Structures are given as C-alpha cells and as structure tokens.
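What follows is a set of notes on a single structure, which appears directly below.
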Amino acid sequence: MDKKEEMNETPGKSSGMKRLKDRMDIQYTRIAIYVVITACVLFILFRIIRNFEAVLQAIGAGMHWLGVILTPLIAGFILAYIVSPLVKFFERRLKKLPLFKKREKDPRGTAVLLAVGLIVIALVLGLSVIFSMLSRQFRLFRFDDLGNLISDFGAGVKKMTSDLEAWVKSLNIKSADLSKFAESVTNWLQNASQGLANSAVDLLGGLPTILANAVFAIIFGIYFLLDADGLSRYWNRVLKAVSNQKTYDRFHILKNDADKVFSGYIRGQLLDAIFVGVIVSVVLSLLGVDFAVVIGVFTGLGNLIPYVGPVIAYVSTGIVCLMNQDVQKMVISIIVLFIIMTIDGNVIEPKLVGSSIDIHPMLVIVALLIGGGIGGLLGMLFAVPVAALLKMQFDKVIDTILRKKEEAGQKEKQKTG
C-alpha cells in the first residue's frame, strides 16, 4: 500500500515541478526578451544622440518632401470642397434633362466640366478687368524709382506732421516730440518698404514652384470632384473595417459638424472677400485714390482672415494718399472705409457666414495667434473654423455631462421618493 502511494505521489510531484520549471523558463525568457529590447532601445537612443544633427536633417528632409507631396494634394481637396456645391447644383439640373433620364447616364462628369468652365471664365474676365485697371493706374501714376517713391511718401508724412504741428501750436500745446515721432515713423515705413521689396523678390523666385503646385492642385481637385462618391464609399468601408460601430458613428457626427463649420465659413468668407474687394475698389476709385483696385484686391484677400482686411485697407490708403501729399483725401477715404467695414462686419459677413461660426471675438484673436504661429498665413486662414469646431465639440461634451448629472439626480430623487 505504501509503495502504491509513493508511486502515485511521485508523478504528481514531478508534474508539479515540471509546471514550475516551465513557468520559470517562460518568466526568464520574458525577462531576457525585455532586457534585449531595452538594450536595443538604449543603443538606438545612444546612436540618435550621437548623430542628433544628422537625424534632424534627415527628419527635416523627409518632412520637406512630405510637404512637397501633400501641399498640392491638400490644396486640390480644398478646391474640390469649395467647388462641390456648384457641381451638385449642375448635377441636379442635368438629371432632369431627357438626355440623362433616358440613357441613365451619370451627369457627374458633365457637371464638373460646367462648374470648372464657369469658374475659369469668371476668373479670366475678373483678372482681365483687374489687370486693365491696374495698367491704367500704373500709367497715370509715374515715378522714376523706389527712392523717389519713398521720398514722395516722406514728403507727405512731413507735410502732415507740419500741419499737425501748426494745429498744435494754435492750441498753445508744446510739440517738441512730434517731429521726432514723425521721423521715427518715416524711418520705420522706409524699412517696411525695403522688407516688402525683398519679400516680392523672394516671391518671384518661388513663382515656378507656386505655379507647379497650382497646376497639380487643380488636377487633384478635378479628380476629387469626379470621383467624390467613390472615394467616400471606399473610405467608409475602410473605417468600418478598422473600427467598431460606436467609433464609426462618432466619426460621422464629427465629419458632419466639420462640414457645417468649414462650408459655412470658407464659402461665406470667399463671397464676403469678393464683395469687400469690389466695393472698396469702386469707392476708392470714385474718391480718386491712386491704386484703388490694388487696395481693393488686397483688402478682399486680407478679409479672408478676420481683422486683417480692414488693416490693409486703412494702411495702404493712408500710404498712397500721403505719397500724393493729400491729407484731406486720406481722411475722407479712411472715414468711408470705416463705414464700409462696419457695415460688412455687422451686417453682410454674418449673413454670408451664417450661424456656423459662433465664437467669442477674444477666442478668434487667440485662434489667429496660434494658427499664425503654427502654420503662418495658411494657419491663420483655417484657425477660426478649427477653433469653432473645437468649441462645438467642447459644448457637446459639456451638454452630455450636464445631461448625465440631471439624469442621475432624477434617479436619486425617485429612489428617495
């Protein structure tokens, strides 16, 4: 009996020892793997630190080439997004025609062709009008070189300051620092003019790259417009494959919110920029301000970014009027521009942009500063809709938290009641 018990106990002990040994082997193997991985990570970090400058250069080169590829692609997507409502408009109208009804032909390609053709015709006509007016104004406004232009501007500033000094003297107020202030302003503007000239040279040097990106952006935009439904279905399938239903639904809610914010802002701002550019050009031309069309075009472009358009209008109008030593015209023009910008900011722009952008002006300024610091001019252009989208999502989170608290409070009342 004892021998049988020993025989029965021995296999049990041996199997237990075997399991313990297997566990120890697995644990030691796991520790060894962790040690090897840690050593490899440390070795890689050490090599990166030793060659930190070369690694940064490689990362910078990779980011540069990534930007070269993504810039026209993103620009093409933005163009397609802006033109998409016009394409849908033509598509709805074409579907009602007998030609497309009988043959059950997809009118998407024809709609894209009509939309792009209409935009090209509008751009050609608009640019031809602008260039004809610009050439006329450049012929009328004669100056020999940039030095004469700056000296004329300085003379205008001195005339204005002398008028101010005479006015201050008539009030028996000392104005000893006024001439120094005028001189400092003149020097600052001369340096600013030199900086603008250098920027213009850099812009001309990069013009081939800009034109190449523009051509590829147009090509990508047309492809996005032609195959918008196919691309949407494909990426929907990809999202369904890599996510659960809850994530999929949340993504589509976010996409709809983003579409509401960006479509309302970008298209509204474009229409507002065209309106402001035309009105400023016409009004300044009627007032006899030189380069009225130039000021109007740059004011319209600047109006795509909040608060930038009015600054461009006031500063450029003041500079042009001071060049001609016409302070009276400058004052009248700035007053008229103030009226135009006030009407646009309080009546026209809110109607065009709609209720999609509902954020405090302080948040707009903060968003512009952050967007400018991250992405420059392009970052400032998209800073406001991004801030509006983030605020919308934040408001939804707050509403959800408050609703859950209210539901929890009602349940507690029901339990205590």
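Numbering starts fresh at 1 for the residues of each chain in the structure tokens, the chains themselves are lettered A, B, ... in the order given, and ligands are numbered from 1 as they appear.
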Exercise. Please identify all polymer residues within 10 Å of range 69-76 of chain A, counting only C-alpha atoms, omitting same-chain residues fewer than 2 positions from it, and present them as a PyMOL selection string.
Key: chain A and resi 63-67+78-82+210+212-225
Quiz prompt | DSSP alpha helix (DSSP H) selection over range 180-388 of chain A, as a ChimeraX atom specification | solution = /A:180-205,207-226,228-242,245-262,268-286,292-302,308-323,327-343,349-353,361-388
Self-check item: Residue neighbourhood Ala367 in chain A, 10 Å, only C-alpha atoms, exclusion window fewer than 5 positions, as an NGL selection string
Solution: :A and (361-362 or 372-373 or 379-380 or 382-388)
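The residue that comes closest to Val116 in chain A, out of A:Val129, A:Leu271, A:Leu86, A:Leu99 and on the basis of only C-alpha atoms, is A:Leu86.
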Between range 318-416 of chain A and range 293-300 of chain A, at 12 Å or less, what are the per-residue closest atom pairs and their distances in Å? Count only C-alpha atoms, order by chain and rising residue number, and return it as a Markdown table.
| residue | atom | partner | partner_atom | distance |
| --- | --- | --- | --- | --- |
| A:Gly318 | CA | A:Ile295 | CA | 10.7 |
| A:Ile319 | CA | A:Ile295 | CA | 10.7 |
| A:Val320 | CA | A:Ile295 | CA | 9.4 |
| A:Cys321 | CA | A:Ile295 | CA | 11.9 |
| A:Ser333 | CA | A:Ile295 | CA | 11.8 |
| A:Leu337 | CA | A:Thr299 | CA | 10.6 |
| A:Ile340 | CA | A:Thr299 | CA | 11.8 |
| A:Met341 | CA | A:Thr299 | CA | 10.4 |
| A:Asp344 | CA | A:Gly300 | CA | 11.7 |
Quiz prompt | Counting only C-alpha atoms, the option among A:Val278, A:Ile48, A:Ala61, A:Ala228 closest to Val87 in chain A | solution =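 Of the candidates, the smallest distance to Val87 in chain A is held by A:Ala228.
Using only C-alpha atoms for every distance, the candidate list A:Leu125, A:Leu284, A:Ile348, A:Leu389 yields A:Leu389 as the residue closest to Phe262 in chain A.
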Quiz prompt | Counting only C-alpha atoms, the residue of A:Met330, A:Leu114, A:Pro306, A:Leu226 that sits nearest Leu363 in chain A | solution =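 Among the listed residues, the smallest separation from Leu363 in chain A belongs to A:Pro306.
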Self-check item: Point-to-point distance in Å for CA of Pro310 in chain A and CA of Asn324 in chain A
Solution: 21.5 Å
